[in-house]
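K.L.:
Got my_file-v5.cif for you, mmCIF, C-alpha atoms:
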data_coords
#
loop_
_atom_site.label_atom_id
_atom_site.label_comp_id
_atom_site.auth_asym_id
_atom_site.auth_seq_id
_atom_site.Cartn_x
_atom_site.Cartn_y
_atom_site.Cartn_z
CA MET W 137 -14.50 174.49 204.76
CA LYS W 138 -16.86 177.19 206.00
CA GLY W 139 -19.14 179.00 203.57
CA ASP W 140 -20.76 182.41 203.65
CA ARG W 141 -23.51 182.62 206.28
CA TYR W 142 -26.04 183.75 203.66
CA GLY W 143 -24.99 181.28 200.96
CA GLY W 144 -22.98 183.58 198.71
CA HIS W 145 -20.36 180.86 198.26
CA ARG W 146 -22.94 178.79 196.34
CA VAL W 147 -23.53 181.46 193.71
CA ILE W 148 -22.11 180.60 190.29
CA ASP W 149 -23.64 183.46 188.29
CA PRO W 150 -23.52 186.38 188.70
CA LYS W 151 -20.72 186.52 191.24
CA GLY W 152 -21.25 188.89 194.15
CA PHE W 153 -24.98 188.23 194.33
CA LEU W 154 -26.76 186.35 197.10
CA PRO W 155 -28.63 183.13 196.18
CA GLN W 156 -32.16 184.51 195.78
CA ALA W 157 -31.16 187.08 193.16
CA ALA W 158 -28.60 184.83 191.46
CA ASN W 159 -29.25 183.02 188.19
CA ILE W 160 -27.31 179.83 188.90
CA LEU W 161 -26.35 178.10 192.16
CA ASN W 162 -23.96 175.26 192.95
CA ASN W 163 -26.41 172.54 194.01
CA GLU W 164 -23.91 169.77 194.74
CA PRO W 165 -24.99 167.96 197.92
CA LYS W 166 -21.52 168.00 199.52
CA ILE W 167 -22.00 170.43 202.40
CA PHE W 168 -19.78 173.14 203.80
CA SER W 169 -19.18 173.14 207.56
CA ASN W 170 -22.01 175.64 208.21
CA GLU W 171 -24.69 174.04 206.04
CA ILE W 172 -27.42 171.44 206.52
CA LEU W 173 -28.13 168.71 203.96
CA ILE W 174 -31.76 167.66 203.55
CA ASP W 175 -33.23 164.57 201.91
CA VAL W 176 -36.27 166.17 200.31
CA ILE W 177 -39.68 164.50 200.53
CA ALA W 178 -41.78 167.09 198.71
CA LEU W 179 -41.68 170.56 197.21
CA ASN W 180 -44.48 173.09 197.46
CA PRO W 181 -44.00 175.76 194.77
CA THR W 182 -45.81 179.02 195.45
CA SER W 183 -49.36 179.20 194.15
CA THR W 184 -48.21 181.96 191.78
CA ALA W 185 -45.38 179.85 190.32
CA PHE W 186 -47.30 176.59 190.08
CA ASN W 187 -50.36 178.27 188.58
CA ARG W 188 -48.16 179.78 185.87
CA ILE W 189 -46.50 176.43 185.09
CA ARG W 190 -49.76 174.47 185.23
CA THR W 191 -51.45 176.92 182.86
CA GLU W 192 -48.57 176.90 180.39
CA CYS W 193 -48.45 173.09 180.48
CA GLU W 194 -52.26 172.81 180.19
CA GLY W 195 -52.40 170.78 183.39
CA ASP W 196 -50.38 167.92 181.85
CA LYS W 197 -48.37 166.18 184.60
CA GLU W 198 -45.55 165.09 182.32
CA LYS W 199 -45.13 168.57 180.88
CA ILE W 200 -45.17 170.08 184.39
CA LYS W 201 -42.56 167.55 185.47
CA GLU W 202 -40.39 168.46 182.46
CA GLU W 203 -40.67 172.16 183.21
CA ILE W 204 -39.74 171.77 186.88
CA LEU W 205 -36.78 169.52 186.05
CA ASN W 206 -35.61 172.00 183.43
CA ILE W 207 -35.82 174.94 185.86
CA VAL W 208 -33.86 173.13 188.57
CA SER W 209 -31.23 171.64 186.26
CA THR W 210 -30.62 175.06 184.69
CA GLN W 211 -30.55 177.14 187.86
CA GLY W 212 -29.56 174.73 190.63
CA LYS W 213 -32.68 175.83 192.51
CA PHE W 214 -36.42 176.10 191.91
CA GLN W 215 -37.23 179.69 190.95
CA ASP W 216 -39.96 180.20 188.39
CA PRO W 217 -38.28 182.22 185.61
CA VAL W 218 -41.43 184.27 184.97
CA THR W 219 -42.83 185.07 188.43
CA LYS W 220 -39.42 184.77 190.18
CA SER W 221 -41.08 183.06 193.15
CA GLY W 222 -40.10 179.74 194.72
CA GLY W 223 -41.94 177.92 197.48
CA ASN W 224 -40.79 175.65 200.30
CA LEU W 225 -40.05 172.00 201.04
CA ILE W 226 -40.26 169.28 203.65
CA GLY W 227 -37.57 166.70 204.20
CA ILE W 228 -35.36 164.78 206.58
CA VAL W 229 -32.09 166.15 207.94
CA LYS W 230 -29.35 163.98 206.45
CA GLU W 231 -26.20 165.78 207.56
CA ILE W 232 -25.28 168.76 209.75
CA GLY W 233 -22.07 170.68 209.19
CA ASP W 234 -19.48 170.58 212.00
CA ASP W 235 -19.78 174.31 212.70
CA LEU W 236 -23.51 173.96 213.37
CA LYS W 237 -23.48 170.83 215.52
CA GLY W 238 -24.51 171.68 219.06
CA ARG W 239 -25.50 175.21 218.03
CA ILE W 240 -28.88 174.38 216.52
CA ASP W 241 -31.86 172.36 217.73
CA LEU W 242 -31.65 169.76 214.97
CA GLN W 243 -30.47 166.18 214.83
CA VAL W 244 -29.89 163.93 211.85
CA GLY W 245 -33.22 162.25 211.12
CA ASP W 246 -35.44 165.18 212.13
CA LYS W 247 -38.29 166.00 209.76
CA ILE W 248 -38.44 169.71 208.96
CA ALA W 249 -40.11 172.25 206.72
CA THR W 250 -37.88 174.98 205.37
CA LEU W 251 -39.14 178.51 205.96
CA VAL W 252 -36.94 180.10 203.33
CA SER W 253 -37.83 180.26 199.67
CA LEU W 254 -36.94 177.58 197.15
CA SER W 255 -35.78 180.55 195.04
CA LEU W 256 -32.60 180.65 197.15
CA THR W 257 -32.27 176.99 198.18
CA PRO W 258 -29.68 174.85 196.33
CA LEU W 259 -31.66 171.88 195.05
CA LYS W 260 -30.78 168.77 193.08
CA ILE W 261 -33.70 166.62 191.95
CA HIS W 262 -32.85 162.97 191.38
CA GLU W 263 -36.40 161.95 190.47
CA ILE W 264 -39.91 163.38 190.49
CA LEU W 265 -42.13 160.66 191.91
CA ASP W 266 -45.51 162.35 191.53
CA ILE W 267 -47.20 165.72 191.15
CA ASN W 268 -50.53 166.69 192.67
CA VAL W 269 -51.79 169.32 190.24
CA GLU W 270 -54.67 170.19 192.58
CA THR W 271 -52.55 170.99 195.65
CA ASP W 272 -49.37 172.25 193.90
CA GLN W 273 -47.22 169.62 195.65
CA VAL W 274 -44.32 167.83 193.96
CA PHE W 275 -43.09 164.57 195.52
CA VAL W 276 -39.44 163.91 194.84
CA LYS W 277 -36.19 162.19 195.56
CA ALA W 278 -33.92 165.21 195.92
CA SER W 279 -31.19 166.88 197.96
CA ALA W 280 -31.35 170.45 199.27
CA ILE W 281 -29.01 172.73 201.19
CA LEU W 282 -30.00 174.99 204.08
CA PHE W 283 -27.56 177.80 204.82
CA GLU W 284 -26.46 178.93 208.26
CA SER W 285 -28.92 181.82 208.03
CA GLY W 286 -31.73 179.53 206.87
CA ILE W 287 -34.86 179.14 208.97
CA TYR W 288 -36.92 176.00 209.44
CA THR W 289 -39.46 174.39 211.71
CA LYS W 290 -39.69 170.83 212.95
CA LEU W 291 -42.84 169.13 211.74
CA PRO W 292 -45.35 168.72 214.58
CA SER W 293 -46.47 165.22 215.48
CA ASP W 294 -50.17 166.14 215.49
CA ILE W 295 -50.35 167.55 211.94
CA GLU W 296 -49.78 165.43 208.84
CA GLU W 297 -46.72 166.04 206.63
CA SER W 298 -48.59 167.06 203.48
CA LEU W 299 -50.72 169.51 205.42
CA SER W 300 -47.67 170.97 207.17
CA LEU W 301 -46.01 171.45 203.79
CA ALA W 302 -49.03 173.32 202.44
CA LEU W 303 -49.32 175.51 205.52
CA MET W 304 -45.69 176.55 205.79
CA ASP W 305 -45.68 178.00 202.29
CA VAL W 306 -48.11 180.70 203.45
CA ALA W 307 -47.42 180.95 207.20
CA GLY W 308 -46.20 184.53 206.92
CA ALA W 309 -49.66 185.80 205.97
CA PRO W 310 -51.73 184.93 209.07
CA ALA W 311 -48.81 186.03 211.27
CA GLN W 312 -49.07 189.55 209.85
CA VAL W 313 -52.79 189.54 210.60
CA ALA W 314 -52.03 188.42 214.15
CA ILE W 315 -49.73 191.38 214.78
CA ASN W 316 -51.60 194.07 212.84
CA ALA W 317 -55.34 193.39 213.33
CA LYS W 318 -56.91 194.95 216.44
CA PRO W 319 -60.31 194.89 218.15
CA ASN W 320 -62.90 197.00 216.26
CA ASP W 321 -60.84 196.94 213.04
CA VAL W 322 -62.27 196.29 209.60
CA VAL W 323 -60.10 193.66 207.91
CA VAL W 324 -60.40 192.79 204.22
CA VAL W 325 -58.86 189.62 202.79
CA ILE W 326 -58.65 189.46 198.99
CA GLY W 327 -58.47 185.87 197.80
CA SER W 328 -59.56 182.82 199.79
CA GLY W 329 -57.08 180.13 198.88
CA LYS W 330 -55.11 178.57 201.72
CA ALA W 331 -53.39 181.85 202.68
CA GLY W 332 -56.66 183.75 202.54
CA LEU W 333 -58.55 181.23 204.67
CA LEU W 334 -55.85 181.29 207.34
CA CYS W 335 -55.90 185.10 207.33
CA LEU W 336 -59.69 185.17 207.64
CA HIS W 337 -59.57 182.91 210.70
CA GLU W 338 -56.89 185.03 212.36
CA ALA W 339 -58.74 188.26 211.51
CA LYS W 340 -62.00 187.05 213.10
CA LYS W 341 -60.07 186.08 216.19
CA ARG W 342 -58.34 189.48 216.48
CA VAL W 343 -61.12 191.98 215.64
CA LYS W 344 -63.90 190.56 217.82
CA PRO W 345 -66.27 191.48 219.32
CA THR W 346 -67.01 194.66 217.34
CA GLY W 347 -64.77 194.51 214.26
CA LYS W 348 -65.72 193.23 210.82
CA VAL W 349 -64.03 190.78 208.44
CA ILE W 350 -64.73 190.98 204.71
CA CYS W 351 -63.64 188.41 202.14
CA ILE W 352 -63.36 189.37 198.46
CA GLU W 353 -63.18 186.33 196.19
CA TYR W 354 -63.57 185.73 192.45
CA SER W 355 -64.83 182.13 192.57
CA LYS W 356 -68.47 181.53 193.46
CA GLU W 357 -67.58 178.08 194.78
CA GLN W 358 -64.86 179.43 197.04
CA CYS W 359 -67.22 182.13 198.33
CA GLU W 360 -69.48 179.31 199.48
CA VAL W 361 -66.54 177.63 201.23
CA VAL W 362 -65.85 180.82 203.20
CA LYS W 363 -69.52 181.06 204.20
CA GLU W 364 -69.69 177.40 205.22
CA LEU W 365 -66.56 177.80 207.35
CA ASP W 366 -68.00 180.98 208.91
CA LEU W 367 -64.77 182.88 208.38
CA ALA W 368 -66.13 186.30 207.36
CA ASP W 369 -68.93 188.70 208.27
CA TYR W 370 -69.39 189.56 204.59
CA VAL W 371 -68.33 187.63 201.49
CA ILE W 372 -68.12 189.63 198.26
CA GLN W 373 -67.89 187.80 194.96
CA GLY W 374 -66.06 189.96 192.46
CA ASN W 375 -63.11 190.36 190.12
CA ALA W 376 -60.32 192.21 191.93
CA GLN W 377 -58.81 193.10 188.55
CA HIS W 378 -61.78 195.50 188.18
CA PRO W 379 -61.31 198.21 190.84
CA ASN W 380 -64.59 200.12 190.40
CA GLU W 381 -66.62 196.91 190.59
CA ILE W 382 -64.90 195.91 193.82
CA LEU W 383 -65.29 199.32 195.45
CA GLU W 384 -68.99 199.48 194.57
CA LYS W 385 -69.65 196.00 195.97
CA TYR W 386 -67.63 196.80 199.07
CA GLN W 387 -69.59 199.99 199.71
CA VAL W 388 -72.88 198.08 199.51
CA VAL W 389 -71.97 196.24 202.73
CA MET W 390 -69.64 198.73 204.46
CA GLY W 391 -70.66 202.15 203.17
CA ASP W 392 -67.81 204.62 203.48
CA ARG W 393 -66.03 202.72 206.25
CA LEU W 394 -62.83 201.52 204.60
CA ALA W 395 -60.51 198.82 205.88
CA ASN W 396 -57.94 199.31 208.61
CA LEU W 397 -56.05 196.30 207.27
CA THR W 398 -56.21 194.64 203.87
CA ILE W 399 -54.35 191.45 202.95
CA ASN W 400 -53.96 190.55 199.28
CA THR W 401 -53.36 186.81 198.79
CA VAL W 402 -54.39 186.26 195.15
CA ASN W 403 -52.25 184.45 192.57
CA VAL W 404 -53.15 186.62 189.56
CA PRO W 405 -51.82 190.06 188.52
CA ASP W 406 -53.54 193.46 188.37
CA THR W 407 -55.38 193.45 191.70
CA GLU W 408 -53.31 196.22 193.27
CA VAL W 409 -55.68 199.17 192.78
CA SER W 410 -58.73 197.31 194.10
CA THR W 411 -56.69 196.59 197.22
CA VAL W 412 -55.87 200.27 197.61
CA LEU W 413 -59.45 201.49 197.03
CA VAL W 414 -61.00 199.43 199.84
CA THR W 415 -58.33 200.50 202.36
CA GLY W 416 -58.44 203.70 204.41
CA ASP W 417 -55.69 206.29 204.11
CA GLU W 418 -54.57 205.52 207.67
CA GLY W 419 -54.84 201.79 207.07
CA LEU W 420 -52.26 199.18 206.14
CA ILE W 421 -52.06 196.93 203.08
CA TYR W 422 -50.12 193.67 203.23
CA PHE W 423 -49.32 192.48 199.72
CA PHE W 424 -48.58 188.82 200.46
CA SER W 425 -49.13 187.76 196.86
CA MET W 426 -46.08 187.14 194.69
CA SER W 427 -48.22 188.34 191.76
CA THR W 428 -48.02 191.89 193.11
CA ASN W 429 -46.46 194.53 190.89
CA PHE W 430 -45.20 197.13 193.32
CA ALA W 431 -44.91 199.82 190.66
CA LYS W 432 -48.62 199.33 189.92
CA ALA W 433 -49.38 199.41 193.64
CA SER W 434 -47.49 202.61 194.41
CA LEU W 435 -48.34 204.47 191.21
CA GLY W 436 -51.92 203.24 191.35
CA ALA W 437 -52.31 204.59 194.89
CA GLU W 438 -50.83 207.89 193.80
CA GLY W 439 -53.21 207.98 190.83
CA VAL W 440 -56.30 207.67 193.03
CA GLY W 441 -54.99 210.07 195.66
CA LYS W 442 -54.39 207.53 198.44
CA TYR W 443 -51.45 207.55 200.85
CA THR W 444 -52.19 204.17 202.45
CA ARG W 445 -49.16 202.39 203.89
CA MET W 446 -48.09 199.24 202.04
CA LEU W 447 -46.13 196.30 203.37
CA VAL W 448 -44.11 193.98 201.13
CA GLY W 449 -44.98 190.31 201.56
CA ASN W 450 -42.04 189.02 203.58
CA GLY W 451 -42.93 185.39 204.27
CA PHE W 452 -41.05 185.36 207.58
CA TYR W 453 -42.09 186.66 210.97
CA PRO W 454 -40.82 185.24 214.29
CA GLY W 455 -43.21 182.55 215.47
CA HIS W 456 -45.20 182.45 212.22
CA ALA W 457 -45.04 178.66 211.96
CA ASP W 458 -46.45 178.25 215.47
CA ILE W 459 -49.26 180.72 214.75
CA THR W 460 -50.28 178.78 211.65
CA PHE W 461 -50.10 175.34 213.26
CA GLN W 462 -52.20 176.67 216.15
CA ILE W 463 -54.94 177.74 213.74
CA MET W 464 -55.31 174.08 212.76
CA ARG W 465 -55.68 173.12 216.41
CA ASP W 466 -58.14 175.91 217.17
CA ASN W 467 -60.43 175.59 214.14
CA PRO W 468 -61.57 171.99 213.52
CA LYS W 469 -63.81 172.94 210.57
CA LEU W 470 -60.98 174.70 208.75
CA ARG W 471 -58.58 171.88 209.56
CA LYS W 472 -61.03 169.34 208.15
CA TYR W 473 -61.32 171.40 204.95
CA PHE W 474 -57.53 171.46 204.56
CA GLU W 475 -57.19 167.75 205.37
CA ASN W 476 -59.76 166.88 202.70
CA LYS W 477 -57.83 168.98 200.20
CA TYR W 478 -54.22 168.08 201.00
CA LEU W 479 -54.27 164.56 202.41
#
Starting from the file, lay out its structure as structure tokens.
P.N.:
Amino acid sequence: MKGDRYGGHRVIDPKGFLPQAANILNNEPKIFSNEILIDVIALNPTSTAFNRIRTECEGDKEKIKEEILNIVSTQGKFQDPVTKSGGNLIGIVKEIGDDLKGRIDLQVGDKIATLVSLSLTPLKIHEILDINVETDQVFVKASAILFESGIYTKLPSDIEESLSLALMDVAGAPAQVAINAKPNDVVVVIGSGKAGLLCLHEAKKRVKPTGKVICIEYSKEQCEVVKELDLADYVIQGNAQHPNEILEKYQVVMGDRLANLTINTVNVPDTEVSTVLVTGDEGLIYFFSMSTNFAKASLGAEGVGKYTRMLVGNGFYPGHADITFQIMRDNPKLRKYFENKYL
């Protein structure tokens, strides 16, 4: 039997919705003729979702495991009930529906990373084997369904699985830098976790030789990481939840020259107005963070008299996986940092 291309046939409640917005999905691992069944190796919840769960569970592995199992057993997918975000997974193709055989570039046994959110992916966890509370990765025995419309990438042979998993969760961010940053631009990246570091690399590559890249980061330790990796012209330590503080510190290094492109990658709320203040009226803001409140962003911009364009953080852009994998090949220092963290 053939299902809906976008997975609507898997929605249990409420009927008529598509899987991402639905409350409950059918996660049974018997596939329709236009689905792909995956034996899951590991889940990578979004930084926003995992940070929320880790904080609520006080970093206790068993409590985190309980919470994740409860979410998936209740919903048939992993979608954090508070932040509404998901994540991605890596796994091995177990079965391909008859209607997809010969039409896609996958074979049974291929290792892939899904490039669609866990918040819309039917998932059944049989067992949680381990949780790395430092890297947000959850190692499991589980089954997942990829719809006909689902996107994926084969795991490259020259990059380790755990690193690929971490990278694919944020691959949409550096891709937007690649297409929007231009020579002579000023690019600001707020937050220097894995998404932020990838964006900083791509920004330096795109704005040279005369542009500037500025990193705004709360953690003193992470500011030092950015400096050691030589990923920014200026590194500003500050709390992006405090807009006036951020603008003042920004103006110390850049004067009145505001950003042409600002990328917000943080995993905490209430950083929208700081993002707006450091961006020029003719500039572009890319809110990649799932912590973004778009009412605060739009009304906050209105409140300070800014008409800056804002882009919603869509994690997909054609070729984004290749762009991100290539960063690892082009920047040995950054790759080494990620390998030390995720392997």
K.L.:
Which residues, named as in the file, does the PyMOL selection byres ((chain W and resi 426) around 7) pick out? Answer as a ChimeraX atom specification.
P.N.:
/W:184,221,424-425,427-428
K.L.:
With the file shown as input, list the residues that the PyMOL selection byres ((chain W and resi 249) around 9) selects, as a ChimeraX atom specification.
P.N.:
/W:224-228,247-248,250-251,287-291,300-301,304
K.L.:
Provide the CA of Cys351 (chain W) to CA of Arg471 (chain W) distance in Å, to one decimal place.
P.N.:
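That distance, rounded to one decimal, is 18.8 Å.
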K.L.:
CA of Asn375 (chain W) to CA of Asn403 (chain W): how many Å, to one decimal?
P.N.:
12.6 Å
K.L.:
I would like the residues chosen by the PyMOL selection byres ((chain W and resi 153-165) around 12) on the shown file; could you give them as an mmCIF file with C-alpha atoms, in the frame of the given file?
P.N.:
data_model
loop_
_atom_site.group_PDB
_atom_site.id
_atom_site.type_symbol
_atom_site.label_atom_id
_atom_site.label_comp_id
_atom_site.auth_asym_id
_atom_site.auth_seq_id
_atom_site.Cartn_x
_atom_site.Cartn_y
_atom_site.Cartn_z
ATOM 1 C CA ASP W 140 -20.760 182.410 203.650
ATOM 2 C CA ARG W 141 -23.510 182.620 206.280
ATOM 3 C CA TYR W 142 -26.040 183.750 203.660
ATOM 4 C CA GLY W 143 -24.990 181.280 200.960
ATOM 5 C CA GLY W 144 -22.980 183.580 198.710
ATOM 6 C CA HIS W 145 -20.360 180.860 198.260
ATOM 7 C CA ARG W 146 -22.940 178.790 196.340
ATOM 8 C CA VAL W 147 -23.530 181.460 193.710
ATOM 9 C CA ILE W 148 -22.110 180.600 190.290
ATOM 10 C CA ASP W 149 -23.640 183.460 188.290
ATOM 11 C CA PRO W 150 -23.520 186.380 188.700
ATOM 12 C CA LYS W 151 -20.720 186.520 191.240
ATOM 13 C CA GLY W 152 -21.250 188.890 194.150
ATOM 14 C CA LYS W 166 -21.520 168.000 199.520
ATOM 15 C CA ILE W 167 -22.000 170.430 202.400
ATOM 16 C CA PHE W 168 -19.780 173.140 203.800
ATOM 17 C CA GLU W 171 -24.690 174.040 206.040
ATOM 18 C CA ILE W 172 -27.420 171.440 206.520
ATOM 19 C CA LEU W 173 -28.130 168.710 203.960
ATOM 20 C CA ILE W 174 -31.760 167.660 203.550
ATOM 21 C CA ASP W 175 -33.230 164.570 201.910
ATOM 22 C CA VAL W 176 -36.270 166.170 200.310
ATOM 23 C CA ILE W 207 -35.820 174.940 185.860
ATOM 24 C CA VAL W 208 -33.860 173.130 188.570
ATOM 25 C CA SER W 209 -31.230 171.640 186.260
ATOM 26 C CA THR W 210 -30.620 175.060 184.690
ATOM 27 C CA GLN W 211 -30.550 177.140 187.860
ATOM 28 C CA GLY W 212 -29.560 174.730 190.630
ATOM 29 C CA LYS W 213 -32.680 175.830 192.510
ATOM 30 C CA PHE W 214 -36.420 176.100 191.910
ATOM 31 C CA GLN W 215 -37.230 179.690 190.950
ATOM 32 C CA ASP W 216 -39.960 180.200 188.390
ATOM 33 C CA PRO W 217 -38.280 182.220 185.610
ATOM 34 C CA LYS W 220 -39.420 184.770 190.180
ATOM 35 C CA SER W 221 -41.080 183.060 193.150
ATOM 36 C CA GLY W 222 -40.100 179.740 194.720
ATOM 37 C CA GLY W 223 -41.940 177.920 197.480
ATOM 38 C CA LYS W 230 -29.350 163.980 206.450
ATOM 39 C CA GLU W 231 -26.200 165.780 207.560
ATOM 40 C CA ILE W 232 -25.280 168.760 209.750
ATOM 41 C CA GLY W 233 -22.070 170.680 209.190
ATOM 42 C CA VAL W 252 -36.940 180.100 203.330
ATOM 43 C CA SER W 253 -37.830 180.260 199.670
ATOM 44 C CA LEU W 254 -36.940 177.580 197.150
ATOM 45 C CA SER W 255 -35.780 180.550 195.040
ATOM 46 C CA LEU W 256 -32.600 180.650 197.150
ATOM 47 C CA THR W 257 -32.270 176.990 198.180
ATOM 48 C CA PRO W 258 -29.680 174.850 196.330
ATOM 49 C CA LEU W 259 -31.660 171.880 195.050
ATOM 50 C CA LYS W 260 -30.780 168.770 193.080
ATOM 51 C CA ILE W 261 -33.700 166.620 191.950
ATOM 52 C CA HIS W 262 -32.850 162.970 191.380
ATOM 53 C CA ALA W 278 -33.920 165.210 195.920
ATOM 54 C CA SER W 279 -31.190 166.880 197.960
ATOM 55 C CA ALA W 280 -31.350 170.450 199.270
ATOM 56 C CA ILE W 281 -29.010 172.730 201.190
ATOM 57 C CA LEU W 282 -30.000 174.990 204.080
ATOM 58 C CA PHE W 283 -27.560 177.800 204.820
ATOM 59 C CA SER W 285 -28.920 181.820 208.030
ATOM 60 C CA GLY W 286 -31.730 179.530 206.870
#
K.L.:
Taking the point (-57.7, 183.5, 191.7) as given in the file, collect each protein or nucleic acid residue that comes within 7 Å of it, counting only C-alpha atoms, and present the set as a PDB file with C-alpha atoms, keeping the file's coordinate frame.
P.N.:
ATOM      1  CA  GLY W 327     -58.470 185.870 197.800  1.00  0.00           C
ATOM      2  CA  TYR W 354     -63.570 185.730 192.450  1.00  0.00           C
ATOM      3  CA  VAL W 402     -54.390 186.260 195.150  1.00  0.00           C
ATOM      4  CA  ASN W 403     -52.250 184.450 192.570  1.00  0.00           C
ATOM      5  CA  VAL W 404     -53.150 186.620 189.560  1.00  0.00           C
TER       6      VAL W 404
END
K.L.:
Take CA of Gly139 (chain W) and CA of Ile177 (chain W) and report the distance between them in Å, one decimal.
P.N.:
25.3 Å
K.L.:
Do you know which residues are at most 12 Å from Ile295 (chain W) counting all atoms listed in the file, after dropping those on the same chain fewer than 5 positions away, and could you put them as a list in words?
P.N.:
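Result of the neighbour search: Lys290, Ser300, Leu301, Ala302, Leu303, Met304, Asp458, Thr460, Phe461, Gln462, Ile463, Met464, Arg465, Arg471, Lys472, Phe474, Glu475, Tyr478 and Leu479 of chain W.
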K.L.:
Can you tell me, as a list in words, what residues are no more than 10 Å from Glu203 (chain W) when counting only C-alpha atoms, ignoring any on the same chain fewer than 6 positions away?
P.N.:
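The filter keeps Ile189, Arg190, Glu192, Cys193, Lys197, Ser209 and Asp216 of chain W.
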K.L.:
Export C-alpha atoms of the chosen residues as a short mmCIF file (atom, residue, chain, number, x, y, z; two decimals), in the coordinates of the input?
P.N.:
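Final file, result33.cif:
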data_model
loop_
_atom_site.label_atom_id
_atom_site.label_comp_id
_atom_site.auth_asym_id
_atom_site.auth_seq_id
_atom_site.Cartn_x
_atom_site.Cartn_y
_atom_site.Cartn_z
CA ILE W 189 -46.50 176.43 185.09
CA ARG W 190 -49.76 174.47 185.23
CA GLU W 192 -48.57 176.90 180.39
CA CYS W 193 -48.45 173.09 180.48
CA LYS W 197 -48.37 166.18 184.60
CA SER W 209 -31.23 171.64 186.26
CA ASP W 216 -39.96 180.20 188.39
#
